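Asks: TSV, C-alpha atoms (C1' of nucleotides), file start-v5.tsv:
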chain	number	residue	atom	x	y	z
A	219	MET	CA	27.88	-11.51	83.74
A	220	PRO	CA	26.95	-10.12	80.43
A	221	GLU	CA	28.81	-8.29	77.73
A	222	LEU	CA	27.36	-7.06	74.46
A	223	PRO	CA	26.52	-10.44	72.87
A	224	GLU	CA	24.71	-11.66	75.97
A	225	VAL	CA	22.80	-8.39	76.33
A	226	GLU	CA	21.88	-8.40	72.63
A	227	THR	CA	20.64	-11.98	72.96
A	228	VAL	CA	18.51	-10.95	75.92
A	229	ARG	CA	17.27	-7.93	73.97
A	230	ARG	CA	16.07	-10.08	71.11
A	231	GLY	CA	14.35	-12.53	73.41
A	232	VAL	CA	12.65	-9.83	75.44
A	233	ALA	CA	11.59	-7.94	72.32
A	234	SER	CA	10.01	-11.04	70.83
A	235	MET	CA	7.93	-11.48	73.97
A	236	VAL	CA	6.95	-7.96	75.04
A	237	VAL	CA	6.82	-5.59	72.07
A	238	GLY	CA	3.19	-4.67	71.56
A	239	VAL	CA	2.30	-6.03	74.97
A	240	ARG	CA	0.69	-3.90	77.67
A	241	ILE	CA	2.14	-3.76	81.15
A	242	ALA	CA	-0.63	-4.19	83.67
A	243	SER	CA	1.39	-3.42	86.78
A	244	VAL	CA	4.88	-3.30	88.21
A	245	THR	CA	6.12	-4.43	91.61
A	246	VAL	CA	9.38	-3.08	93.00
A	247	ARG	CA	10.60	-5.54	95.59
A	248	ARG	CA	13.92	-3.80	96.21
A	249	ARG	CA	13.77	-0.05	95.93
A	250	ASP	CA	17.52	0.39	96.06
A	251	ILE	CA	18.21	-1.15	92.67
A	252	VAL	CA	15.94	1.39	90.98
A	253	ALA	CA	17.14	4.90	90.18
A	254	THR	CA	14.85	7.51	88.68
A	255	GLU	CA	15.74	10.51	86.56
A	256	LEU	CA	15.23	12.64	89.67
A	257	ASP	CA	17.82	10.90	91.79
A	258	PRO	CA	20.99	12.98	92.11
A	259	LEU	CA	24.03	11.61	90.29
A	260	GLY	CA	23.41	8.15	91.69
A	261	GLY	CA	22.64	5.95	88.76
A	262	PHE	CA	23.46	8.48	86.10
A	263	SER	CA	27.20	8.75	86.20
A	264	ARG	CA	29.84	9.17	83.57
A	265	ALA	CA	30.25	5.75	82.08
A	266	GLY	CA	26.60	4.90	82.33
A	267	GLY	CA	27.24	3.11	85.56
A	268	ILE	CA	25.17	2.06	88.44
A	269	ARG	CA	26.34	2.95	91.89
A	270	GLY	CA	25.28	5.88	94.00
A	271	ALA	CA	27.39	8.95	94.51
A	272	ASP	CA	28.74	7.62	97.80
A	273	GLY	CA	29.94	4.46	96.11
A	274	ARG	CA	27.78	2.25	98.24
A	275	GLY	CA	24.34	2.93	99.61
A	276	ARG	CA	21.91	3.23	96.80
A	277	ALA	CA	18.87	3.40	99.02
A	278	ARG	CA	16.65	6.01	97.50
A	279	PRO	CA	13.66	7.13	99.48
A	280	GLY	CA	10.18	7.30	98.14
A	281	ARG	CA	8.09	5.23	95.85
A	282	VAL	CA	8.71	5.02	92.12
A	283	PRO	CA	5.53	5.96	90.24
A	284	GLY	CA	4.39	2.82	88.46
A	285	ALA	CA	4.04	4.70	85.18
A	286	TRP	CA	7.76	5.49	85.31
A	287	LEU	CA	8.38	1.76	85.09
A	288	LEU	CA	5.86	1.51	82.23
A	289	ALA	CA	2.83	0.38	84.25
A	290	GLY	CA	-0.23	1.06	82.08
A	291	ASP	CA	2.00	1.59	79.09
A	292	GLU	CA	2.58	-0.57	76.05
A	293	VAL	CA	6.09	-1.65	75.11
A	294	ALA	CA	6.93	-0.10	71.75
A	295	GLY	CA	10.48	-1.40	71.44
A	296	VAL	CA	13.56	-2.74	73.19
A	297	GLU	CA	16.84	-0.98	72.41
A	298	ARG	CA	20.43	-1.53	73.40
A	299	LEU	CA	23.62	0.49	73.64
A	300	GLY	CA	26.68	-1.43	74.71
A	301	LYS	CA	25.70	-3.53	77.72
A	302	GLN	CA	22.56	-1.57	78.54
A	303	LEU	CA	18.99	-2.31	77.53
A	304	ALA	CA	16.11	0.13	77.25
A	305	LEU	CA	12.45	-0.75	77.16
A	306	VAL	CA	10.72	2.07	75.32
A	307	GLY	CA	7.05	2.65	76.06
A	308	ALA	CA	4.42	3.88	73.63
A	309	SER	CA	4.16	6.92	75.90
A	310	GLY	CA	7.83	7.65	75.25
A	311	ARG	CA	8.95	6.75	78.75
A	312	CYS	CA	12.00	4.49	78.92
A	313	VAL	CA	13.24	1.96	81.43
A	314	VAL	CA	16.93	1.13	81.28
A	315	VAL	CA	18.10	-2.23	82.56
A	316	HIS	CA	21.77	-2.77	83.30
A	317	LEU	CA	22.57	-6.37	84.19
A	318	GLY	CA	25.88	-5.77	85.97
A	319	MET	CA	27.64	-9.04	86.75
A	320	SER	CA	24.80	-11.32	87.75
A	321	GLY	CA	21.66	-9.64	86.43
A	322	GLN	CA	19.04	-11.30	84.29
A	323	LEU	CA	15.97	-10.01	82.52
A	324	LEU	CA	13.62	-12.96	82.21
A	325	VAL	CA	10.27	-13.25	80.50
A	326	ALA	CA	7.66	-15.97	80.86
A	327	GLY	CA	4.68	-16.06	78.53
A	328	ARG	CA	1.13	-16.80	79.56
A	329	GLY	CA	1.00	-20.08	81.43
A	330	GLU	CA	4.79	-20.41	81.46
A	331	ARG	CA	6.96	-20.33	84.54
A	332	LEU	CA	9.98	-18.13	85.01
A	333	PRO	CA	13.20	-20.14	85.22
A	334	THR	CA	13.73	-20.98	88.87
A	335	ALA	CA	16.92	-20.34	90.80
A	336	THR	CA	18.33	-22.36	93.68
A	337	TRP	CA	17.66	-19.43	96.00
A	338	GLY	CA	14.05	-19.13	94.83
A	339	SER	CA	12.72	-15.65	94.06
A	340	ALA	CA	14.78	-13.91	96.75
A	341	HIS	CA	16.63	-11.86	94.13
A	342	ASP	CA	13.71	-10.99	91.88
A	343	HIS	CA	13.85	-7.23	92.42
A	344	VAL	CA	11.37	-5.87	89.90
A	345	VAL	CA	8.40	-7.75	88.44
A	346	TRP	CA	6.30	-6.57	85.50
A	347	ARG	CA	2.91	-8.20	84.98
A	348	LEU	CA	2.05	-8.43	81.28
A	349	GLU	CA	-1.42	-8.23	79.82
A	350	GLY	CA	-2.87	-9.23	76.44
A	351	ARG	CA	-5.05	-6.88	74.36
A	352	ASP	CA	-8.16	-8.48	75.76
A	353	GLY	CA	-6.97	-7.85	79.30
A	354	SER	CA	-5.97	-11.44	79.95
A	355	SER	CA	-2.68	-12.31	81.55
A	356	ALA	CA	0.23	-12.49	79.13
A	357	GLY	CA	2.83	-13.62	81.62
A	358	ARG	CA	5.51	-11.69	83.41
A	359	MET	CA	8.96	-10.18	83.13
A	360	VAL	CA	11.43	-9.98	86.00
A	361	PHE	CA	14.73	-8.28	86.76
A	362	ARG	CA	16.72	-10.77	88.81
A	363	ASP	CA	20.16	-9.94	90.22
A	364	PRO	CA	21.73	-11.76	93.20
A	365	ARG	CA	24.82	-9.59	93.45
A	366	ARG	CA	22.94	-6.36	92.83
A	367	PHE	CA	25.69	-4.77	90.76
A	368	GLY	CA	23.04	-4.14	88.15
A	369	GLY	CA	20.14	-1.75	88.26
A	370	VAL	CA	16.99	-0.34	86.70
A	371	PHE	CA	16.79	3.31	85.67
A	372	THR	CA	13.95	5.48	84.45
A	373	SER	CA	14.03	8.11	81.71
A	374	PRO	CA	11.11	10.42	80.91
A	375	ASP	CA	11.73	10.19	77.16
A	376	ARG	CA	14.18	9.08	74.48
A	377	GLU	CA	15.84	12.47	74.49
A	378	HIS	CA	16.81	11.98	78.12
A	379	LEU	CA	17.79	8.37	77.49
A	380	VAL	CA	20.18	9.26	74.70
A	381	GLY	CA	21.20	12.74	75.83
A	382	VAL	CA	21.73	12.06	79.52
A	383	ARG	CA	21.69	8.41	80.49
A	384	TRP	CA	23.69	7.21	77.51
A	385	ALA	CA	25.55	10.43	76.75
A	386	ALA	CA	28.93	9.34	78.08
A	387	LEU	CA	29.01	5.95	76.42
A	388	GLY	CA	31.27	5.42	73.43
A	389	PRO	CA	30.14	3.95	70.12
A	390	ASP	CA	28.46	0.56	70.19
A	391	ALA	CA	31.08	-2.16	69.85
A	392	LEU	CA	29.10	-4.07	67.22
A	393	THR	CA	29.74	-1.33	64.65
A	394	VAL	CA	32.86	0.40	65.98
A	395	THR	CA	35.56	1.54	63.56
A	396	GLY	CA	39.33	1.62	64.01
A	397	GLU	CA	39.26	5.38	63.62
A	398	GLN	CA	36.85	5.69	66.53
A	399	LEU	CA	38.99	3.45	68.71
A	400	ALA	CA	42.15	5.37	67.88
A	401	GLU	CA	40.57	8.74	68.57
A	402	ARG	CA	38.76	7.81	71.76
A	403	SER	CA	41.62	5.82	73.27
A	404	GLY	CA	44.15	8.58	72.86
A	405	ARG	CA	47.88	7.93	73.04
A	406	SER	CA	49.24	7.16	76.47
A	407	ALA	CA	50.89	4.49	78.57
A	408	ARG	CA	47.49	2.99	79.24
A	409	ALA	CA	47.15	-0.66	78.25
A	410	THR	CA	45.12	-1.25	75.12
A	411	LYS	CA	42.94	-3.73	76.97
A	412	ALA	CA	42.14	-1.11	79.61
A	413	ALA	CA	41.03	1.25	76.85
A	414	LEU	CA	38.75	-1.40	75.34
A	415	LEU	CA	37.12	-2.00	78.73
A	416	ASP	CA	36.44	1.72	79.19
A	417	GLN	CA	32.78	2.18	78.25
A	418	ARG	CA	33.44	5.83	77.39
A	419	VAL	CA	35.82	4.64	74.68
A	420	LEU	CA	33.73	1.75	73.46
A	421	ALA	CA	30.36	0.47	74.68
A	422	GLY	CA	29.85	-3.24	75.07
A	423	VAL	CA	33.20	-4.99	75.40
A	424	GLY	CA	34.06	-6.64	78.72
A	425	ASN	CA	36.70	-9.01	80.01
A	426	ILE	CA	35.94	-12.00	77.79
A	427	TYR	CA	35.65	-10.27	74.44
A	428	ALA	CA	38.55	-7.89	75.07
A	429	ASP	CA	40.84	-10.91	75.44
A	430	GLU	CA	39.29	-12.76	72.51
A	431	ALA	CA	39.50	-9.79	70.13
A	432	LEU	CA	43.06	-8.86	71.10
A	433	PHE	CA	44.20	-12.44	70.59
A	434	ARG	CA	42.66	-12.57	67.13
A	435	ALA	CA	44.22	-9.22	66.26
A	436	GLY	CA	47.65	-10.36	67.48
A	437	VAL	CA	47.92	-7.49	69.94
A	438	HIS	CA	49.30	-7.96	73.45
A	439	PRO	CA	46.75	-6.69	75.99
A	440	MET	CA	49.41	-4.55	77.71
A	441	THR	CA	50.43	-2.73	74.55
A	442	PRO	CA	50.34	0.98	75.42
A	443	THR	CA	47.83	2.91	73.34
A	444	SER	CA	50.71	5.16	72.32
A	445	ALA	CA	52.23	2.21	70.47
A	446	MET	CA	49.09	1.56	68.44
A	447	GLY	CA	48.80	2.77	64.85
A	448	PRO	CA	45.76	3.20	62.60
A	449	GLU	CA	46.10	-0.18	60.89
A	450	THR	CA	46.32	-2.06	64.15
A	451	TRP	CA	43.34	-0.18	65.56
A	452	GLU	CA	41.43	-1.14	62.45
A	453	ALA	CA	42.38	-4.77	62.93
A	454	VAL	CA	41.28	-4.65	66.55
A	455	ALA	CA	37.96	-3.03	65.61
A	456	ALA	CA	37.35	-5.63	62.93
A	457	ARG	CA	38.07	-8.52	65.30
A	458	ILE	CA	35.79	-6.97	67.94
A	459	ARG	CA	32.91	-6.75	65.46
A	460	GLU	CA	33.63	-10.27	64.26
A	461	VAL	CA	33.84	-11.91	67.66
A	462	LEU	CA	30.76	-10.15	69.00
A	463	GLY	CA	28.77	-11.06	65.91
A	464	ALA	CA	29.76	-14.70	66.10
A	465	SER	CA	28.93	-14.81	69.79
A	466	ILE	CA	25.46	-13.35	69.20
A	467	GLU	CA	24.85	-16.10	66.66
A	468	ALA	CA	25.84	-18.63	69.33
A	469	GLY	CA	23.55	-17.03	71.91
A	470	GLY	CA	26.43	-15.54	73.92
A	471	SER	CA	28.92	-17.09	76.34
A	472	THR	CA	27.56	-19.00	79.32
A	473	LEU	CA	30.28	-19.61	81.92
A	474	ARG	CA	27.96	-20.37	84.81
A	475	ASP	CA	24.95	-18.07	85.35
A	476	TYR	CA	24.21	-16.37	82.12
A	477	THR	CA	21.00	-17.22	80.31
A	478	ASP	CA	18.86	-15.40	77.78
A	479	ALA	CA	15.38	-14.04	78.52
A	480	GLN	CA	13.92	-17.53	78.28
A	481	GLY	CA	16.49	-19.12	80.57
A	482	ARG	CA	18.61	-20.73	77.85
A	483	ALA	CA	22.42	-20.86	77.96
A	484	GLY	CA	24.65	-19.62	75.12
A	485	VAL	CA	27.38	-21.76	73.60
A	486	TYR	CA	30.01	-19.26	72.45
A	487	ALA	CA	32.34	-20.29	75.30
A	488	LEU	CA	33.11	-23.33	73.12
A	489	SER	CA	34.73	-20.92	70.67
A	490	HIS	CA	36.86	-19.02	73.19
A	491	ALA	CA	40.49	-19.10	72.07
A	492	VAL	CA	42.03	-17.62	75.22
A	493	TYR	CA	39.49	-16.70	77.90
A	494	GLY	CA	39.42	-19.47	80.49
A	495	ARG	CA	42.28	-21.32	78.75
A	496	ALA	CA	45.31	-20.16	80.75
A	497	GLY	CA	47.98	-22.86	80.84
A	498	LEU	CA	46.57	-24.64	77.81
A	499	GLY	CA	48.03	-24.55	74.33
A	500	CYS	CA	47.33	-21.72	71.91
A	501	VAL	CA	44.79	-22.87	69.30
A	502	VAL	CA	46.99	-21.37	66.59
A	503	CYS	CA	50.60	-22.14	67.53
A	504	GLY	CA	50.43	-24.43	70.56
A	505	THR	CA	52.42	-22.14	72.87
A	506	VAL	CA	51.23	-22.30	76.48
A	507	LEU	CA	48.87	-19.38	77.12
A	508	GLU	CA	49.93	-16.91	79.79
A	509	THR	CA	47.77	-15.25	82.38
A	510	GLY	CA	48.10	-12.20	84.57
A	511	ALA	CA	46.26	-9.10	85.68
A	512	VAL	CA	45.78	-6.29	83.20
A	513	ALA	CA	43.58	-3.39	84.18
A	514	GLN	CA	42.89	-5.34	87.38
A	515	ARG	CA	41.16	-8.08	85.43
A	516	THR	CA	42.25	-11.65	84.83
A	517	THR	CA	43.75	-11.67	81.36
A	518	VAL	CA	44.92	-14.50	79.12
A	519	TRP	CA	47.07	-14.17	76.02
A	520	CYS	CA	49.44	-16.09	73.76
A	521	PRO	CA	52.99	-14.85	74.31
A	522	SER	CA	53.91	-15.93	70.82
A	523	CYS	CA	50.94	-14.66	68.78
A	524	GLN	CA	50.64	-11.50	70.89
A	525	GLU	CA	54.22	-10.44	71.40
A	526	LEU	CA	54.62	-7.33	73.50
A	527	GLY	CA	56.68	-4.67	71.83
A	528	ARG	CA	55.97	-5.85	68.31
A	529	ALA	CA	55.62	-2.93	65.92
A	530	HIS	CA	52.00	-1.89	65.48
A	531	GLY	CA	51.33	0.16	62.38
B	55	DC	C1'	44.51	14.94	83.39
B	56	DT	C1'	45.72	9.59	83.94
B	57	DT	C1'	46.11	5.28	86.32
B	58	DA	C1'	45.72	2.08	90.12
B	59	DT	C1'	43.22	0.43	94.20
B	60	DG	C1'	39.64	-1.03	97.14
B	61	DA	C1'	34.76	-1.33	97.38
B	62	DC	C1'	30.29	-2.98	96.27
B	63	DC	C1'	27.43	-8.06	96.73
B	64	DT	C1'	26.20	-13.11	96.57
B	65	DG	C1'	26.93	-17.76	95.02
B	66	DA	C1'	29.71	-21.56	93.22
B	67	DT	C1'	33.66	-24.19	93.63
B	68	DA	C1'	38.07	-26.09	95.27
B	69	DG	C1'	40.74	-27.52	99.03
B	70	DC	C1'	41.44	-28.92	103.65
C	179	DT	C1'	29.76	-33.13	106.07
C	180	DG	C1'	31.46	-28.52	107.01
C	181	DC	C1'	34.46	-24.93	107.04
C	182	DT	C1'	37.38	-21.32	104.60
C	183	DA	C1'	39.44	-19.09	100.84
C	184	DT	C1'	39.12	-17.75	96.20
C	185	DC	C1'	37.00	-16.25	92.15
C	186	DA	C1'	33.40	-14.26	88.93
C	187	DG	C1'	30.84	-11.75	82.76
C	188	DG	C1'	30.89	-4.65	85.85
C	189	DT	C1'	31.68	-0.15	87.40
C	190	DC	C1'	32.33	3.23	90.98
C	191	DA	C1'	34.79	6.83	94.25
C	192	DT	C1'	39.00	7.90	95.78
C	193	DA	C1'	43.85	8.45	96.11
C	194	DA	C1'	48.33	9.01	94.16
Could you express the structure from this file as structure tokens?
Replies:
Amino acid sequence: MPELPEVETVRRGVASMVVGVRIASVTVRRRDIVATELDPLGGFSRAGGIRGADGRGRARPGRVPGAWLLAGDEVAGVERLGKQLALVGASGRCVVVHLGMSGQLLVAGRGERLPTATWGSAHDHVVWRLEGRDGSSAGRMVFRDPRRFGGVFTSPDREHLVGVRWAALGPDALTVTGEQLAERSGRSARATKAALLDQRVLAGVGNIYADEALFRAGVHPMTPTSAMGPETWEAVAARIREVLGASIEAGGSTLRDYTDAQGRAGVYALSHAVYGRAGLGCVVCGTVLETGAVAQRTTVWCPSCQELGRAHG
DNA sequence: CTTATGACCTGATAGC
DNA sequence: TGCTATCAGGTCATAA
């Protein structure tokens, strides 16, 4: 479900609850959504993705040492690159959480209850028990993910996190420049939207914000990257930074499932100009918005504001 | 190399 | 009410 703004909102919420807190114990209720640094390829692939090398079974034998999931450790910080979160322990060990489509990282303080789902706790795959300095309970954190496209990954230290786990990811979308986009996208027949969705080009943009940023930049999503010039790339980069920033301020976009670490919805969907508005009038010119598949994803654009074939300097 | 396709999962919703 | 089909915020392996 989540793109950069949603993940950043979760990061802030989790950080406010767990930084400086000790993890008393960890329970892995589904082993196959956890990948360790020792697992072959599975979990540590090119674009920072999730699935095992066979594209399906992610069952990994053996128990994950609790310490690898920060049991007995203290949380020193919560970082983010693109759509991925990393809990960094005082020991240096890191736990990466990727939310996939339906994942949530939820935290409940002492005496609070985790937000409940209609299906109960059936999809609560990893549970961290938190402990105050005096040893008293400080609540719990849970990785919940019904569809299981997400996952939890261990790294022995920050060097591995950055150098291996996150090595293939492009620059974070919140601070990306037009120059970076131009260089990493290359010049080919590939649709500009497809390039923006490629996490090796740019980390953090997904289907919603690709459409929103391209609309605001006046670029048709199917524009081949070979037709893009430096000024247009700069405009696209600027609109990406802008849209993501505004969405973070609104707590992200909640379409159905998404909530922050405390179970609250975000309201940025109210500001969507194109996503989810196919067939309605363009907010700028009133033209009926078109929809179709680009890069195999549902895409919405304004045929008038985002004319295909327009010159792009 | 690039690009498209089907696959991975479950839940919510729309339509009959 | 109950069934079925469709769709979803992500990313992968594989084939062409």
Asks: Please produce, as a Markdown table, a per-residue contact table for chain A versus chain B (criterion: any atom at most 10 Å away, all atoms listed in the file considered), showing the nearest atom pair and its distance in Å to one decimal, sorted by chain then residue number.
Replies:
| residue | atom | partner | partner_atom | distance |
| --- | --- | --- | --- | --- |
| A:Arg269 | CA | B:DC62 | C1' | 8.4 |
| A:Gly273 | CA | B:DC62 | C1' | 7.4 |
| A:Arg274 | CA | B:DC62 | C1' | 6.1 |
| A:Gly275 | CA | B:DC62 | C1' | 9.0 |
| A:Ser320 | CA | B:DT64 | C1' | 9.1 |
| A:Thr336 | CA | B:DG65 | C1' | 9.8 |
| A:Trp337 | CA | B:DG65 | C1' | 9.5 |
| A:His341 | CA | B:DT64 | C1' | 10.0 |
| A:Asp363 | CA | B:DT64 | C1' | 9.3 |
| A:Pro364 | CA | B:DT64 | C1' | 5.8 |
| A:Arg365 | CA | B:DC63 | C1' | 4.5 |
| A:Arg366 | CA | B:DC63 | C1' | 6.2 |
| A:Phe367 | CA | B:DC63 | C1' | 7.0 |
| A:Ser406 | CA | B:DT56 | C1' | 8.6 |
| A:Ala407 | CA | B:DT56 | C1' | 9.0 |
| A:Arg408 | CA | B:DT57 | C1' | 7.6 |
| A:Arg474 | CA | B:DA66 | C1' | 8.7 |
| A:Asp475 | CA | B:DA66 | C1' | 9.8 |
| A:Ala513 | CA | B:DA58 | C1' | 8.4 |
| A:Gln514 | CA | B:DA58 | C1' | 8.4 |
Asks: At a cut-off of 9 Å, which residues of chain C touch chain A? Count all atoms listed in the file and give the answer as a PyMOL selection string.
Replies: chain C and resi 186-191
Asks: Tell me, in Å to one decimal, how far CA of Pro374 (chain A) is from CA of Ala340 (chain A).
Replies: 29.3 Å
Asks: Between CA of Cys500 (chain A) and CA of Thr517 (chain A), what distance in Å does the model show, to one decimal?
Replies: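 Here the two named atoms are 14.3 Å from each other.
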Asks: What is the distance between CA of Arg405 (chain A) and CA of Val492 (chain A), in Å to one decimal?
Replies: 26.3 Å
Asks: Find the residues near Arg248 (chain A): any atom within 9 Å, counting only C-alpha atoms (C1' of nucleotides), skip ones fewer than 2 places away on the same chain, and give them as a list in words.
Replies: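 Selected residues are Val246, Asp250, Ile251, Val252, His341, Asp342, His343 and Val344 of chain A.
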Asks: Find the residues around region 381-398 of chain A up to 8 Å (only C-alpha atoms (C1' of nucleotides) counted), leave out those fewer than 3 positions away in its own chain, and share them as a ChimeraX atom specification.
Replies: /A:222,262-266,299-300,373,377-378,401-402,417-423,448-456,458-459,462-463
Asks: For region 434-445 of chain A, please output as a ChimeraX atom specification all residues within 7 Å (counting only C-alpha atoms (C1' of nucleotides); exclusion window: fewer than 2 positions along the same chain).
Replies: /A:403-411,430-432,447,453-454,457,512,523-526,530
Asks: Can you tell me which residues surround Gly481 (chain A) at a distance of at most 8 Å, considering only C-alpha atoms (C1' of nucleotides), apart from same-chain residues fewer than 5 positions away, and format the answer as JSON, numbers by chain?
Replies: {"A": [324, 332, 333]}
Asks: Counting all atoms listed in the file, figure out which residue out of A:Tyr486, A:Val370, A:Ala242, A:Val325 gets nearest to Ser355 (chain A).
Replies: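 Ranking A:Tyr486, A:Val370, A:Ala242, A:Val325 by distance to Ser355 (chain A), first place goes to A:Ala242.
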Asks: Excluding Gln302 (chain A) and residues on its chain fewer than 4 positions from it, collect all residues at most 7 Å away from it, counting all atoms listed in the file, and give them as an MDAnalysis selection string.
Replies: chainID A and resid 298 314:316
